[in-house]
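Source file input28.cif; content: mmCIF, C-alpha atoms and all ligand atoms.
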```cif
data_structure
#
loop_
_atom_site.label_atom_id
_atom_site.label_comp_id
_atom_site.auth_asym_id
_atom_site.auth_seq_id
_atom_site.Cartn_x
_atom_site.Cartn_y
_atom_site.Cartn_z
CA MET T 1 128.22 96.74 114.86
CA LEU T 2 124.93 97.87 113.31
CA LYS T 3 125.41 101.24 111.62
CA ILE T 4 122.24 103.34 111.48
CA ALA T 5 121.37 106.62 109.78
CA VAL T 6 118.44 108.44 111.40
CA CYS T 7 116.25 110.75 109.28
CA VAL T 8 114.42 113.53 111.13
CA SER T 9 112.28 116.62 110.47
CA GLY T 10 111.39 118.07 113.86
CA GLY T 11 111.91 117.81 117.61
CA GLY T 12 113.85 114.57 117.45
CA THR T 13 112.41 112.94 120.58
CA ASN T 14 112.56 109.54 118.87
CA LEU T 15 116.18 110.23 117.90
CA GLN T 16 116.85 111.13 121.53
CA ALA T 17 115.25 107.88 122.65
CA ILE T 18 117.68 105.98 120.40
CA ILE T 19 120.68 108.00 121.63
CA ASP T 20 119.69 107.40 125.26
CA ALA T 21 119.04 103.68 124.70
CA ILE T 22 122.49 103.24 123.13
CA ALA T 23 124.04 105.13 126.07
CA ASP T 24 122.32 103.01 128.73
CA GLY T 25 122.77 99.68 126.98
CA ARG T 26 119.15 98.99 125.99
CA ILE T 27 120.43 99.09 122.42
CA LYS T 28 123.61 97.07 121.99
CA ASN T 29 126.16 96.82 119.20
CA THR T 30 124.77 99.84 117.35
CA GLU T 31 126.20 103.17 116.22
CA ILE T 32 124.33 106.18 114.79
CA VAL T 33 126.64 107.12 111.92
CA ARG T 34 124.62 110.10 110.65
CA VAL T 35 121.52 112.16 111.34
CA ILE T 36 119.86 113.62 108.26
CA SER T 37 117.23 116.36 108.47
CA ASN T 38 115.18 117.94 105.71
CA LYS T 39 114.75 121.00 107.97
CA LYS T 40 117.79 123.15 108.81
CA ASP T 41 116.18 124.35 112.04
CA ALA T 42 115.07 120.94 113.33
CA TYR T 43 115.84 120.66 117.04
CA ALA T 44 116.81 117.07 116.26
CA LEU T 45 120.01 118.51 114.74
CA GLU T 46 120.84 120.09 118.10
CA ARG T 47 120.33 116.74 119.79
CA ALA T 48 122.71 115.12 117.31
CA ALA T 49 125.33 117.83 117.83
CA LYS T 50 125.11 117.48 121.62
CA ALA T 51 125.66 113.74 121.22
CA GLY T 52 128.62 114.31 118.88
CA ILE T 53 126.87 112.62 115.97
CA ASP T 54 127.55 113.65 112.36
CA ALA T 55 124.47 115.54 111.16
CA VAL T 56 123.49 117.07 107.82
CA ALA T 57 120.52 119.08 106.59
CA VAL T 58 119.25 118.42 103.08
CA ALA T 59 116.59 121.08 102.53
CA ARG T 60 114.30 121.08 99.50
CA GLY T 61 114.67 124.86 99.12
CA ASP T 62 118.40 124.50 98.45
CA TYR T 63 117.73 122.56 95.24
CA PRO T 64 116.29 123.75 91.93
CA ASP T 65 113.95 120.80 91.57
CA LYS T 66 112.58 117.73 93.32
CA GLU T 67 114.89 115.35 91.42
CA SER T 68 118.09 117.08 92.58
CA PHE T 69 116.77 117.28 96.16
CA GLN T 70 116.02 113.55 96.12
CA ASP T 71 119.46 112.77 94.69
CA ALA T 72 121.05 114.85 97.46
CA LEU T 73 119.01 113.01 100.07
CA ILE T 74 120.09 109.62 98.72
CA SER T 75 123.73 110.75 98.57
CA ALA T 76 123.59 111.95 102.19
CA VAL T 77 122.44 108.46 103.20
CA ASP T 78 124.84 106.60 100.91
CA GLU T 79 127.85 108.58 102.21
CA ALA T 80 127.17 107.26 105.71
CA ALA T 81 126.99 103.67 104.40
CA PRO T 82 124.40 102.60 106.98
CA ASP T 83 123.15 99.05 107.45
CA LEU T 84 119.77 100.45 108.49
CA VAL T 85 117.91 103.72 107.86
CA VAL T 86 115.55 104.83 110.64
CA LEU T 87 112.80 107.36 109.85
CA ALA T 88 112.12 109.09 113.17
CA GLY T 89 109.57 111.83 112.64
CA PHE T 90 110.72 112.23 109.03
CA LEU T 91 108.07 113.99 106.95
CA VAL T 92 109.48 113.49 103.46
CA VAL T 93 108.11 110.84 101.08
CA LEU T 94 111.20 108.82 100.20
CA PRO T 95 112.23 108.59 96.54
CA GLU T 96 111.23 105.25 95.03
CA LYS T 97 114.83 104.55 94.02
CA MET T 98 115.93 104.97 97.65
CA VAL T 99 113.26 102.53 98.88
CA ALA T 100 114.39 100.05 96.21
CA LYS T 101 118.09 100.53 97.00
CA TYR T 102 117.51 100.04 100.76
CA ASN T 103 114.82 97.37 100.43
CA ARG T 104 113.87 96.03 103.89
CA ARG T 105 116.60 98.23 105.40
CA ILE T 106 114.42 101.26 106.18
CA ILE T 107 112.12 101.34 109.21
CA ASN T 108 109.61 104.00 110.29
CA ILE T 109 107.82 104.84 113.53
CA HIS T 110 104.19 105.80 113.10
CA PRO T 111 102.08 107.11 116.01
CA SER T 112 99.05 104.84 115.60
CA LEU T 113 98.22 101.13 115.42
CA ILE T 114 98.50 100.67 111.65
CA PRO T 115 96.23 100.14 109.64
CA SER T 116 94.27 102.70 111.64
CA PHE T 117 94.92 106.41 111.16
CA CYS T 118 97.78 106.12 108.70
CA GLY T 119 98.58 106.91 105.08
CA ASP T 120 98.63 110.22 103.25
CA GLY T 121 97.92 113.19 105.51
CA PHE T 122 98.21 111.21 108.76
CA TYR T 123 101.26 112.57 110.59
CA GLY T 124 102.07 114.25 113.88
CA LEU T 125 99.09 115.66 115.78
CA ARG T 126 96.69 114.89 112.92
CA VAL T 127 96.95 111.18 113.78
CA HIS T 128 95.81 111.79 117.35
CA GLU T 129 93.10 114.25 116.30
CA ALA T 130 91.67 111.53 114.04
CA ALA T 131 91.80 108.88 116.79
CA LEU T 132 89.99 111.19 119.22
CA ALA T 133 87.43 112.19 116.57
CA ARG T 134 86.69 108.52 115.82
CA GLY T 135 86.29 107.79 119.52
CA VAL T 136 88.63 104.80 119.70
CA LYS T 137 89.52 103.71 123.25
CA VAL T 138 92.96 102.36 122.38
CA THR T 139 95.64 103.69 120.07
CA GLY T 140 99.41 103.24 120.08
CA ALA T 141 102.45 103.18 117.81
CA THR T 142 103.85 100.98 115.07
CA VAL T 143 107.32 100.28 113.74
CA HIS T 144 107.22 98.99 110.17
CA PHE T 145 109.47 98.43 107.18
CA VAL T 146 109.17 101.18 104.60
CA ASP T 147 107.99 100.13 101.16
CA GLU T 148 106.86 102.20 98.19
CA GLY T 149 103.59 103.17 99.89
CA THR T 150 102.85 105.47 102.84
CA ASP T 151 102.81 103.52 106.14
CA THR T 152 102.08 100.33 104.14
CA GLY T 153 105.21 98.21 104.70
CA PRO T 154 105.37 95.02 106.80
CA ILE T 155 104.64 95.66 110.48
CA ILE T 156 107.52 94.84 112.84
CA LYS T 157 106.38 95.92 116.31
CA GLN T 158 103.34 97.62 117.89
CA LYS T 159 102.42 98.84 121.36
CA ALA T 160 98.95 99.84 122.52
CA VAL T 161 98.20 102.95 124.57
CA GLU T 162 94.90 103.69 126.35
CA ILE T 163 92.97 106.85 125.47
CA LEU T 164 91.67 108.59 128.61
CA GLU T 165 88.60 110.74 129.21
CA GLY T 166 89.38 114.36 128.36
CA ASP T 167 92.52 113.63 126.35
CA THR T 168 93.54 116.41 124.00
CA PRO T 169 95.59 115.62 120.87
CA GLU T 170 98.67 117.06 122.58
CA VAL T 171 98.24 115.03 125.76
CA LEU T 172 97.57 111.87 123.76
CA GLN T 173 100.59 112.47 121.51
CA LYS T 174 102.85 112.76 124.53
CA ARG T 175 101.47 109.56 126.08
CA VAL T 176 101.90 107.65 122.81
CA MET T 177 105.48 108.91 122.54
CA GLU T 178 106.36 108.12 126.16
CA GLN T 179 104.57 104.79 126.48
CA ALA T 180 105.01 103.43 122.95
CA GLU T 181 107.23 105.20 120.42
CA TRP T 182 110.22 105.75 122.66
CA LYS T 183 110.04 102.08 123.71
CA ILE T 184 109.32 100.09 120.56
CA LEU T 185 111.70 101.97 118.24
CA PRO T 186 114.79 101.36 120.41
CA ALA T 187 113.65 97.79 121.08
CA THR T 188 113.28 97.12 117.35
CA ILE T 189 116.75 98.54 116.60
CA ASN T 190 118.24 96.42 119.38
CA GLU T 191 116.61 93.27 117.99
CA ILE T 192 117.86 94.08 114.49
CA ALA T 193 121.38 94.60 115.88
CA ALA T 194 121.10 91.24 117.63
CA GLY T 195 119.97 89.51 114.45
CA LYS T 196 116.58 88.65 115.96
CA ILE T 197 114.86 90.68 113.22
CA LYS T 198 116.23 90.11 109.75
CA ILE T 199 116.81 93.08 107.44
CA GLY T 200 117.76 93.34 103.79
C1 LIG U 1 105.91 112.06 116.39
O1 LIG U 1 104.50 112.18 116.44
C2 LIG U 1 106.27 110.72 115.80
O2 LIG U 1 105.34 109.74 116.11
C3 LIG U 1 106.21 110.96 114.34
O3 LIG U 1 106.77 112.26 114.20
C4 LIG U 1 106.47 113.05 115.37
C5 LIG U 1 107.67 113.82 115.86
O4 LIG U 1 108.62 112.91 116.31
N1 LIG U 1 106.88 109.94 113.63
P1 LIG U 1 110.07 113.40 116.88
O5 LIG U 1 109.82 114.07 118.21
O6 LIG U 1 110.65 114.38 115.88
O7 LIG U 1 110.86 112.13 117.01
#
```
Encoding of this model in structure tokens:
Amino acid sequence: MLKIAVCVSGGGTNLQAIIDAIADGRIKNTEIVRVISNKKDAYALERAAKAGIDAVAVARGDYPDKESFQDALISAVDEAAPDLVVLAGFLVVLPEKMVAKYNRRIINIHPSLIPSFCGDGFYGLRVHEAALARGVKVTGATVHFVDEGTDTGPIIKQKAVEILEGDTPEVLQKRVMEQAEWKILPATINEIAAGKIKIG
């Protein structure tokens, strides 16, 4: 059984895609052992509660300094003893010691075809605004291993999505989520659980 901890910051639609895929068998032999949010009001926490999944909030404002916040974040992950950490809309730069401790056991979903539109400052709607501003005709999503950089780790899976005439950032974001993110993240987790993708 692959034990996964899912880190979230917002709406949790990627978390929901994982929950649903486990429920309908598209992800086998996997259990979400904890959801960790850096935002106490993240709707993702509601999704976890509805699914009966242990969920904790580790909020920066509850700690006197960055070091103690990072230590609390690492402890929240360690307590769950996951095999795999999944960053699903998680907007915190992971502490280096966490990346080292969970080397090749942390994956992230990014809403573009890396190496386009990624790195510092490229998250959420900003990614789609940049793709539309550049005038690309195709974008998509990427699942990659997390290393010490931002969106720089080895690419695991990608899926392309067409940009249509008149797309707004919001419309494009939804299409990328529906057609790419919510498909390749569950598929990647399933392949890791099946041993088809090696971790660690
Ligand atoms: C999405 O744009 C996703 O691509 C990015 O974070 C945003 C929110 O995701 N990783 P979610 O709805 O919280 O899963």
Within 12 Å of file point (124.3, 114.4, 122.0), counting all atoms listed in the file, expressed as a PDB file with C-alpha atoms, keeping the file's coordinate frame:
```pdb
ATOM      1  CA  GLY T  12     113.850 114.570 117.450  1.00  0.00           C
ATOM      2  CA  LEU T  15     116.180 110.230 117.900  1.00  0.00           C
ATOM      3  CA  GLN T  16     116.850 111.130 121.530  1.00  0.00           C
ATOM      4  CA  ALA T  17     115.250 107.880 122.650  1.00  0.00           C
ATOM      5  CA  ILE T  18     117.680 105.980 120.400  1.00  0.00           C
ATOM      6  CA  ILE T  19     120.680 108.000 121.630  1.00  0.00           C
ATOM      7  CA  ASP T  20     119.690 107.400 125.260  1.00  0.00           C
ATOM      8  CA  ILE T  22     122.490 103.240 123.130  1.00  0.00           C
ATOM      9  CA  ALA T  23     124.040 105.130 126.070  1.00  0.00           C
ATOM     10  CA  ILE T  32     124.330 106.180 114.790  1.00  0.00           C
ATOM     11  CA  VAL T  35     121.520 112.160 111.340  1.00  0.00           C
ATOM     12  CA  TYR T  43     115.840 120.660 117.040  1.00  0.00           C
ATOM     13  CA  ALA T  44     116.810 117.070 116.260  1.00  0.00           C
ATOM     14  CA  LEU T  45     120.010 118.510 114.740  1.00  0.00           C
ATOM     15  CA  GLU T  46     120.840 120.090 118.100  1.00  0.00           C
ATOM     16  CA  ARG T  47     120.330 116.740 119.790  1.00  0.00           C
ATOM     17  CA  ALA T  48     122.710 115.120 117.310  1.00  0.00           C
ATOM     18  CA  ALA T  49     125.330 117.830 117.830  1.00  0.00           C
ATOM     19  CA  LYS T  50     125.110 117.480 121.620  1.00  0.00           C
ATOM     20  CA  ALA T  51     125.660 113.740 121.220  1.00  0.00           C
ATOM     21  CA  GLY T  52     128.620 114.310 118.880  1.00  0.00           C
ATOM     22  CA  ILE T  53     126.870 112.620 115.970  1.00  0.00           C
ATOM     23  CA  ASP T  54     127.550 113.650 112.360  1.00  0.00           C
ATOM     24  CA  ALA T  55     124.470 115.540 111.160  1.00  0.00           C
TER      25      ALA T  55
END
```
_Show me which residues line ligand LIG 1 (chain U), defined as having an atom within 10 Å of a ligand atom where all atoms listed in the file count, and present them as a VMD selection string._
chain T and resid 7 to 18 42 to 44 87 to 91 108 to 112 122 to 128 140 to 143 170 173 to 174 176 to 177 180 to 182
*From the set T:Val138, T:Leu164, T:Ala131, T:Ile107, which residue has the shortest atom-to-atom contact distance to Thr152 (chain T), counting all atoms listed in the file?*
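Of all the options, T:Ile107 lies closest to Thr152 (chain T).
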*Just how far from CA of Asp78 (chain T) is CA of Ser37 (chain T), in Å to one decimal?*
14.5 Å
*Given only C-alpha atoms as the counted atoms, nearest of T:Lys196, T:Ile114, T:Gly135, T:Thr150 to Glu165 (chain T)*: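 The answer is T:Gly135, which sits nearest to Glu165 (chain T).
As for CA of Glu79 (chain T) and CA of Asp147 (chain T), they are spaced 21.6 Å apart.
If you measure from each of T:Lys137, T:Lys198, T:Arg105, T:Lys39 to Val86 (chain T) using only C-alpha atoms, the closest one turns out to be T:Arg105.
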*Calculate how many Å separate CA of Gly153 (chain T) from CA of Gly121 (chain T), rounding to one decimal.*
16.7 Å
*Excluding Ala57 (chain T) and residues on its chain fewer than 5 positions from it, collect all residues at most 6 Å away from it, counting only C-alpha atoms, and give them as a list in words.*
Ile36, Ser37, Asn38 and Lys40 of chain T
*Pick the closest to Ala160 (chain T) from T:Ser116, T:Gln179, T:Thr188, T:Ser68: which is it, counting only C-alpha atoms?*
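Looking at the shortest contact to Ala160 (chain T), the residue is T:Gln179.
Closest approach to Phe145 (chain T) among T:Ile197, T:Ile106, T:Val85, T:Val33 is made by T:Ile106 (distances from only C-alpha atoms).
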*Excluding same-chain residues fewer than 3 positions from Pro95 (chain T), what lies within 8 Å of it counting only C-alpha atoms, as a PyMOL selection string?*
chain T and resi 70+98-99
*Residue neighbourhood Met1 (chain T), 10 Å, only C-alpha atoms, exclusion window fewer than 3 positions, as a PyMOL selection string*: chain T and resi 4+28-31+83+193-194
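The smallest atom-to-atom distance between Pro154 (chain T) and any of T:Arg175, T:Lys66, T:Lys97, T:Arg104, using all atoms listed in the file, is found for T:Arg104.
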Region 137-165 of chain T dumped to file, N, CA and C atoms, as an mmCIF file, in the first residue's frame:
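Final output, part-v5.cif:
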```cif
data_model
loop_
_atom_site.group_PDB
_atom_site.id
_atom_site.type_symbol
_atom_site.label_atom_id
_atom_site.label_comp_id
_atom_site.auth_asym_id
_atom_site.auth_seq_id
_atom_site.Cartn_x
_atom_site.Cartn_y
_atom_site.Cartn_z
ATOM 1 N N LYS T 137 0.183 28.288 -28.708
ATOM 2 C CA LYS T 137 -1.077 27.654 -29.166
ATOM 3 C C LYS T 137 -1.388 26.393 -28.354
ATOM 4 N N VAL T 138 -0.351 25.919 -27.658
ATOM 5 C CA VAL T 138 -0.503 24.708 -26.848
ATOM 6 C C VAL T 138 0.126 24.954 -25.482
ATOM 7 N N THR T 139 -0.544 24.551 -24.450
ATOM 8 C CA THR T 139 0.045 24.552 -23.112
ATOM 9 C C THR T 139 -0.262 23.187 -22.496
ATOM 10 N N GLY T 140 -0.364 23.110 -21.180
ATOM 11 C CA GLY T 140 -0.645 21.802 -20.585
ATOM 12 C C GLY T 140 -0.239 21.759 -19.136
ATOM 13 N N ALA T 141 0.099 20.576 -18.654
ATOM 14 C CA ALA T 141 0.503 20.403 -17.249
ATOM 15 C C ALA T 141 1.647 19.396 -17.166
ATOM 16 N N THR T 142 2.376 19.494 -16.075
ATOM 17 C CA THR T 142 3.561 18.647 -15.860
ATOM 18 C C THR T 142 3.568 18.117 -14.434
ATOM 19 N N VAL T 143 3.858 16.835 -14.303
ATOM 20 C CA VAL T 143 4.166 16.265 -12.987
ATOM 21 C C VAL T 143 5.675 16.026 -12.964
ATOM 22 N N HIS T 144 6.324 16.502 -11.914
ATOM 23 C CA HIS T 144 7.783 16.342 -11.845
ATOM 24 C C HIS T 144 8.217 16.044 -10.414
ATOM 25 N N PHE T 145 9.388 15.438 -10.270
ATOM 26 C CA PHE T 145 9.980 15.282 -8.948
ATOM 27 C C PHE T 145 10.430 16.658 -8.469
ATOM 28 N N VAL T 146 10.319 16.869 -7.172
ATOM 29 C CA VAL T 146 10.744 18.144 -6.582
ATOM 30 C C VAL T 146 12.208 18.030 -6.165
ATOM 31 N N ASP T 147 13.001 18.985 -6.646
ATOM 32 C CA ASP T 147 14.395 19.048 -6.179
ATOM 33 C C ASP T 147 14.585 20.399 -5.497
ATOM 34 N N GLU T 148 15.798 20.835 -5.330
ATOM 35 C CA GLU T 148 16.030 22.051 -4.529
ATOM 36 C C GLU T 148 15.634 23.328 -5.275
ATOM 37 N N GLY T 149 15.333 23.198 -6.558
ATOM 38 C CA GLY T 149 14.930 24.396 -7.327
ATOM 39 C C GLY T 149 13.424 24.577 -7.331
ATOM 40 N N THR T 150 12.945 25.525 -8.147
ATOM 41 C CA THR T 150 11.497 25.749 -8.299
ATOM 42 C C THR T 150 11.079 25.215 -9.670
ATOM 43 N N ASP T 151 10.307 24.132 -9.658
ATOM 44 C CA ASP T 151 9.816 23.499 -10.906
ATOM 45 C C ASP T 151 10.974 22.993 -11.774
ATOM 46 N N THR T 152 12.091 22.599 -11.125
ATOM 47 C CA THR T 152 13.282 22.201 -11.895
ATOM 48 C C THR T 152 13.576 20.710 -11.832
ATOM 49 N N GLY T 153 12.841 19.943 -11.057
ATOM 50 C CA GLY T 153 13.166 18.522 -10.886
ATOM 51 C C GLY T 153 12.832 17.694 -12.118
ATOM 52 N N PRO T 154 13.292 16.448 -12.149
ATOM 53 C CA PRO T 154 13.055 15.565 -13.316
ATOM 54 C C PRO T 154 11.569 15.443 -13.661
ATOM 55 N N ILE T 155 11.265 15.589 -14.953
ATOM 56 C CA ILE T 155 9.881 15.526 -15.411
ATOM 57 C C ILE T 155 9.428 14.069 -15.456
ATOM 58 N N ILE T 156 8.223 13.826 -14.950
ATOM 59 C CA ILE T 156 7.676 12.460 -14.902
ATOM 60 C C ILE T 156 6.609 12.269 -15.986
ATOM 61 N N LYS T 157 5.661 13.204 -16.052
ATOM 62 C CA LYS T 157 4.544 13.052 -16.994
ATOM 63 C C LYS T 157 4.083 14.453 -17.430
ATOM 64 N N GLN T 158 3.657 14.548 -18.728
ATOM 65 C CA GLN T 158 3.108 15.809 -19.220
ATOM 66 C C GLN T 158 1.896 15.516 -20.091
ATOM 67 N N LYS T 159 0.998 16.499 -20.176
ATOM 68 C CA LYS T 159 -0.152 16.363 -21.081
ATOM 69 C C LYS T 159 -0.432 17.724 -21.702
ATOM 70 N N ALA T 160 -0.559 17.750 -22.999
ATOM 71 C CA ALA T 160 -0.770 19.010 -23.726
ATOM 72 C C ALA T 160 -2.253 19.366 -23.789
ATOM 73 N N VAL T 161 -2.504 20.674 -23.797
ATOM 74 C CA VAL T 161 -3.884 21.186 -23.880
ATOM 75 C C VAL T 161 -3.894 22.325 -24.895
ATOM 76 N N GLU T 162 -4.859 22.329 -25.810
ATOM 77 C CA GLU T 162 -4.924 23.365 -26.838
ATOM 78 C C GLU T 162 -5.440 24.685 -26.260
ATOM 79 N N ILE T 163 -4.844 25.782 -26.697
ATOM 80 C CA ILE T 163 -5.370 27.106 -26.336
ATOM 81 C C ILE T 163 -6.313 27.538 -27.444
ATOM 82 N N LEU T 164 -7.509 28.012 -27.073
ATOM 83 C CA LEU T 164 -8.522 28.371 -28.071
ATOM 84 C C LEU T 164 -8.673 29.879 -28.191
ATOM 85 N N GLU T 165 -9.137 30.320 -29.340
ATOM 86 C CA GLU T 165 -9.388 31.729 -29.611
ATOM 87 C C GLU T 165 -10.296 32.308 -28.512
#
```
